[in-house]
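Worksheet: one structure, shown below.
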Amino acid sequence: MDNSITTLGRRLLVDGKQVKFRNERRKFVEFVDAVANEFPEAVSNDGTLNEPFRSLAFLVTIGQRPITSLLILQTLLEADKKLLNGKSIGKKLAEKLEISQALTTKGGNYEDRVGDLISIFVKMGILETAFSRKAGYPKEEGFRIRKSVRSEMKAFLDCFLFEWDILQRFKSLSFKESFVERFDKRLGYVIKSGTKKRKAFKIGKIMKSLLDPKIGISFEESVDLIEEIEPNLTRGMKTFEIQEMLYSTLRKRDKKAAENYRQSYPKVSSIEMSDGKIETVNYKLVKALIDKEVKLKLTRNTLDSFASTVYNVISKNPKNYKHETAVREYVYALVRSECVYVRSVSNFIKDQLASATSSLEGCRNSLESDEIAPARGLLRQFLEQISLAAIVGFGYLPFKDFRQNVDLISNLLRQEGIKKELQEEFQLNEEALTQFQRIRFLMHERENASKRSLEKMIEEANWLIDLCWRILKSFHLRRKPKPVAAEILDTITPNQVTTGYKDLDDLLNGGIPDTYAIILTSPSCDERDVLIERFLNSGMKGREITLYVTIDAKTAVTLAEKYPSNFYLILCNPEADAIVKNLPNVRKLKGVENLNDIDIALTDVLRNFDSPSKKVRRACVEVVSDALLQHHAVATRIWLTALIPKFKSRGFTTLAVMNPHMHSSQEVQAIVDLFQGEIHVYKKKTEKGLRRFLRIEKLYNQEYSQSELQLKKEKIMKLAPED
């Protein structure tokens with residue numbers, strides 16, 4: 001029989017009779033400090049307590065913390081002369097008592113459980129602080145029982161253990177035996193997520209969750225709670241329904257404990273979908289949202305990992321994820337943080353293959369000059385680049401970590417279903433797929449490879465490049481063919497939409513291509529404001545549907561009042577009511593703090609223009625910089641990614657405006673990258689001083705002039721001849 005304090009501790013920590021560690025913590029700490037402060041004769045030269053003060057403090061300490069105090073002393077006696085730091089002592093206590101280490105180490109409530117006691121024992125002179133001095137290691141603080149009191153402490157513990165026959169009557173049946181007998185053999189049923197199937201589970205799982213010390217209810221209270229809800233468990237409930245039922249039942253008994261339970265097991269949130277429906281968050285819904293956001297494939301393990309992460313985050317923060325848009329923003333941020341973002345798949349593969357070829361050529365040249373180390377480094381670069389090309393070519397999302405990509409290829413090609421799919425899509429035989437699996441072997445062997453081995457690896461590498469080119473050439477087979485009508489539309493040169501400024505139209509070879517989304521990157525200046533004004537006025541002159549999203553209406557108020565049937569204004573300003581009166585073609589918002597509000601306002605306007613029209617429609621979005629400052633690159637990019645196609649599908653030609661001087665270069669590129677064209681306004685030094693110029697930076701799939709145009713406010717304001 002293990003007649004130790006350890007067993008006693010385990011038995012005292014059950015059925016609601018566990019020692020209340022925190023309740024009296026300050027009393028014995030304050031007592032020892034008071035002794036040292038009020039009685040100078042109590043403190044010896046080395047800072048420890050003299051007799052009889054030491055014995056008195058010891059009795060108080062033992063009285064307040066009997067089990068923990070005795071176990072600390074017993075642990076240090078068992079360690080003999082070996083030093084133990086606070087973390088080690090806490091860990092050993094947790095093992096002895098079979099409780100979570102969070103209760104006894106610095107990861108949890110260390111100061112409450114162990115730290116204060118060790119500090120007090122040092123002040124009493126029972127423990128001493130020492131340092132280990134192992135060669136090659138830094139000094140590490142630890143504790144041990146002083147040699148002068150070692151026999152005294154051992155005698156004290158022996159006397160205490162002598163009364164074991166009396167103390168063991170605290171509990172006739174151990175906690176573990178009681179728990180197994182009463183709960184671990186009883187079954188309930190849960191409804192599997194996303195299905196109607198009932199799945200058996202042990203009610204003991206619920207019992208264990210209720211016995212979490214953070215909740216603060218006793219064993220018997222937990223028993224009563226389980227017995228009350230058990231009839232419902234047998235017929236089957238969803239997990240979040242069980243959690244909600246436990247919370248409600250517990251709240252009737254102990255509101256504080258119920259709140260502690262709610263924080264540990266939060267209620268799963270419900271979110272509003274884009275179609276207005278309210279859906280309860282579950283794995284099936286989360287996976288659907290991930291598939292919607294991530295265009296390339298995810299392996300099953302990766303998808304499960306993302307779904308689990310997203311599910312846990314939105315479950316623990318239900319107030320932050322009430323709408324589908326917020327969930328999609330988080331999914332996108334997660335994908336961006338974990339994986340490589342692939343903008344254009346075919347171009348991405350081409351770039352990686354070009355880089356891989358260059359690295360391989362450098363590797364070959366190094367070997368010709370007998371340089372082994374550089375050759376190995378260049379071969380590693382090649383393997384990294386070819387891995388990216390292969391993964392994207394296969395249709396999967398690559399990770400940023402090269403080693404994960406190598407593992408991903410190997411894991412994919414071990415699955416017969418995926419191997420068969422790749423063989424059918426790309427006409428690759430077993431030998432070719434095996435060659436891709438060799439990437440892991442090449443990566444491992446290259447570190448110690450000889451010159452001759454590296455030359456053989458280069459031969460294999462050439463074959464990998466050829467295989468990736470074969471995949472790229474057959475890439476179109478993996479895309480659904482476009483309807484014939486769509487193909488015809490793509491071959492027709494789009495109509496041009498005038499900007500309202502003839503010189504700019506000339507640079508664009510006639511104007512902005514119809515339904516294109518262009519961004520004007522310009523610092524705040526009069527020339528920029530006039531260009532925007534000209535763009536809007538041009539729409540009014542042509543009686544075109546014109547939509548303007550801004551925080552500073554300026555002359556747009558006049559346009560809204562003058563053209564109520566074809567000019568629509570969305571004003572995002574806290575003082576909107578004072579700036580413009582209520583009109584049917586004006587929508588007022590408090591600012592850009594909530595992008596969903598802007599989306600709702602835009603949807604309200606755009607619902608009148610569901611299909612494209614032969615007549616030009618134009619939109620100017622002047623809140624990009626404000627949104628970027630408020631929501632940063634990821635959220636703003638997601639918002640624009642959804643907004644631009646929405647305008648295009650309804651036949652709108654879009655001019656967005658951003659001040660690049662307000663943001664970092666990375667954020668600017670993250671936004672500019674979304675648009676089909678960019679018009680850039682900048683300052684340049686001339687003989688007459690600094691002057692502003694304009695240049696077309698890009699215009700997708702269209703010819704344009706690369707000349708720069710000097711901007712003069714007076715000239716821009718003049719009406720064009722056709723006006």
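Every chain in the structure tokens has a letter given in the order shown (A, B, ...), and although residue numbers restart at 1 in each chain, ligands are simply numbered from 1 in the order shown.
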
### Message
Could you list, as a PyMOL selection string, every residue within 12 Å of Ile600 in chain A, counting only C-alpha atoms and ignoring same-chain residues fewer than 4 positions away?
### Response
chain A and resi 274-276+325+570+587-589+594-596+604-607+643

### Query
For Pro513 in chain A, which residue out of A:Glu622, A:Asp597, A:Gln702, A:Leu360 is the nearest one, using only C-alpha atoms?
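Closest to Pro513 in chain A of all the choices is A:Gln702.
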
### Query
Hey, what's within 10 Å of Glu455 in chain A if we count only C-alpha atoms and toss same-chain stuff fewer than 3 positions away? As a list of chain:residue names, please?
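These residues fall inside the cut-off: A:Cys363, A:Arg364, A:Leu367, A:Glu368, A:Ala375, A:Ala449, A:Ser450, A:Lys451, A:Arg452, A:Ile458, A:Glu459, A:Glu460, A:Ala461.
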
### Task
Just give me the gap between CA of Val43 in chain A and CA of Gly142 in chain A in Å, one decimal is fine.
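Distance reported for this atom pair: 22.8 Å.
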
Arg528 in chain A surroundings by only C-alpha atoms, 10 Å radius, close-in-sequence under 5 positions cut, as a PDB file with N, CA and C atoms, in the first residue's frame:
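And here is the file that came out, around28.pdb:
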ATOM      1  N   LEU A 520      -6.727  55.233 -60.290  1.00  0.00           N
ATOM      2  CA  LEU A 520      -5.965  56.476 -60.392  1.00  0.00           C
ATOM      3  C   LEU A 520      -5.165  56.629 -59.106  1.00  0.00           C
ATOM      4  N   THR A 521      -3.847  56.477 -59.186  1.00  0.00           N
ATOM      5  CA  THR A 521      -2.985  56.639 -58.013  1.00  0.00           C
ATOM      6  C   THR A 521      -2.391  58.043 -58.051  1.00  0.00           C
ATOM      7  N   SER A 522      -2.773  58.839 -57.100  1.00  0.00           N
ATOM      8  CA  SER A 522      -2.360  60.241 -57.123  1.00  0.00           C
ATOM      9  C   SER A 522      -2.352  60.808 -55.715  1.00  0.00           C
ATOM     10  N   PRO A 523      -1.378  61.681 -55.405  1.00  0.00           N
ATOM     11  CA  PRO A 523      -1.439  62.391 -54.124  1.00  0.00           C
ATOM     12  C   PRO A 523      -2.587  63.374 -54.135  1.00  0.00           C
ATOM     13  N   GLU A 533     -13.705  65.153 -61.264  1.00  0.00           N
ATOM     14  CA  GLU A 533     -14.864  65.966 -61.633  1.00  0.00           C
ATOM     15  C   GLU A 533     -15.174  65.840 -63.117  1.00  0.00           C
ATOM     16  N   ARG A 534     -14.118  65.812 -63.940  1.00  0.00           N
ATOM     17  CA  ARG A 534     -14.314  65.672 -65.388  1.00  0.00           C
ATOM     18  C   ARG A 534     -14.913  64.308 -65.731  1.00  0.00           C
ATOM     19  N   VAL A 657      -9.874  55.529 -56.931  1.00  0.00           N
ATOM     20  CA  VAL A 657      -8.884  56.567 -56.632  1.00  0.00           C
ATOM     21  C   VAL A 657      -8.175  56.204 -55.324  1.00  0.00           C
ATOM     22  N   ASN A 659      -4.563  57.376 -52.824  1.00  0.00           N
ATOM     23  CA  ASN A 659      -3.379  58.199 -52.572  1.00  0.00           C
ATOM     24  C   ASN A 659      -2.243  57.277 -52.132  1.00  0.00           C
ATOM     25  N   VAL A 681      -0.323  59.722 -61.181  1.00  0.00           N
ATOM     26  CA  VAL A 681       0.008  61.149 -61.135  1.00  0.00           C
ATOM     27  C   VAL A 681       1.172  61.326 -60.171  1.00  0.00           C
ATOM     28  N   LEU A 711       0.424  67.924 -66.358  1.00  0.00           N
ATOM     29  CA  LEU A 711      -0.919  68.337 -65.966  1.00  0.00           C
ATOM     30  C   LEU A 711      -0.946  69.823 -65.629  1.00  0.00           C
ATOM     31  N   LYS A 713      -3.858  72.496 -64.292  1.00  0.00           N
ATOM     32  CA  LYS A 713      -5.217  72.575 -63.783  1.00  0.00           C
ATOM     33  C   LYS A 713      -6.132  73.359 -64.725  1.00  0.00           C
TER      34      LYS A 713
END

### Message
Run DSSP on the backbone and tell me which residues of range 578-681 of chain A come out as alpha helix (DSSP H); list them as a ChimeraX atom specification.
### Response
/A:578-579,595-606,624-649,665-672
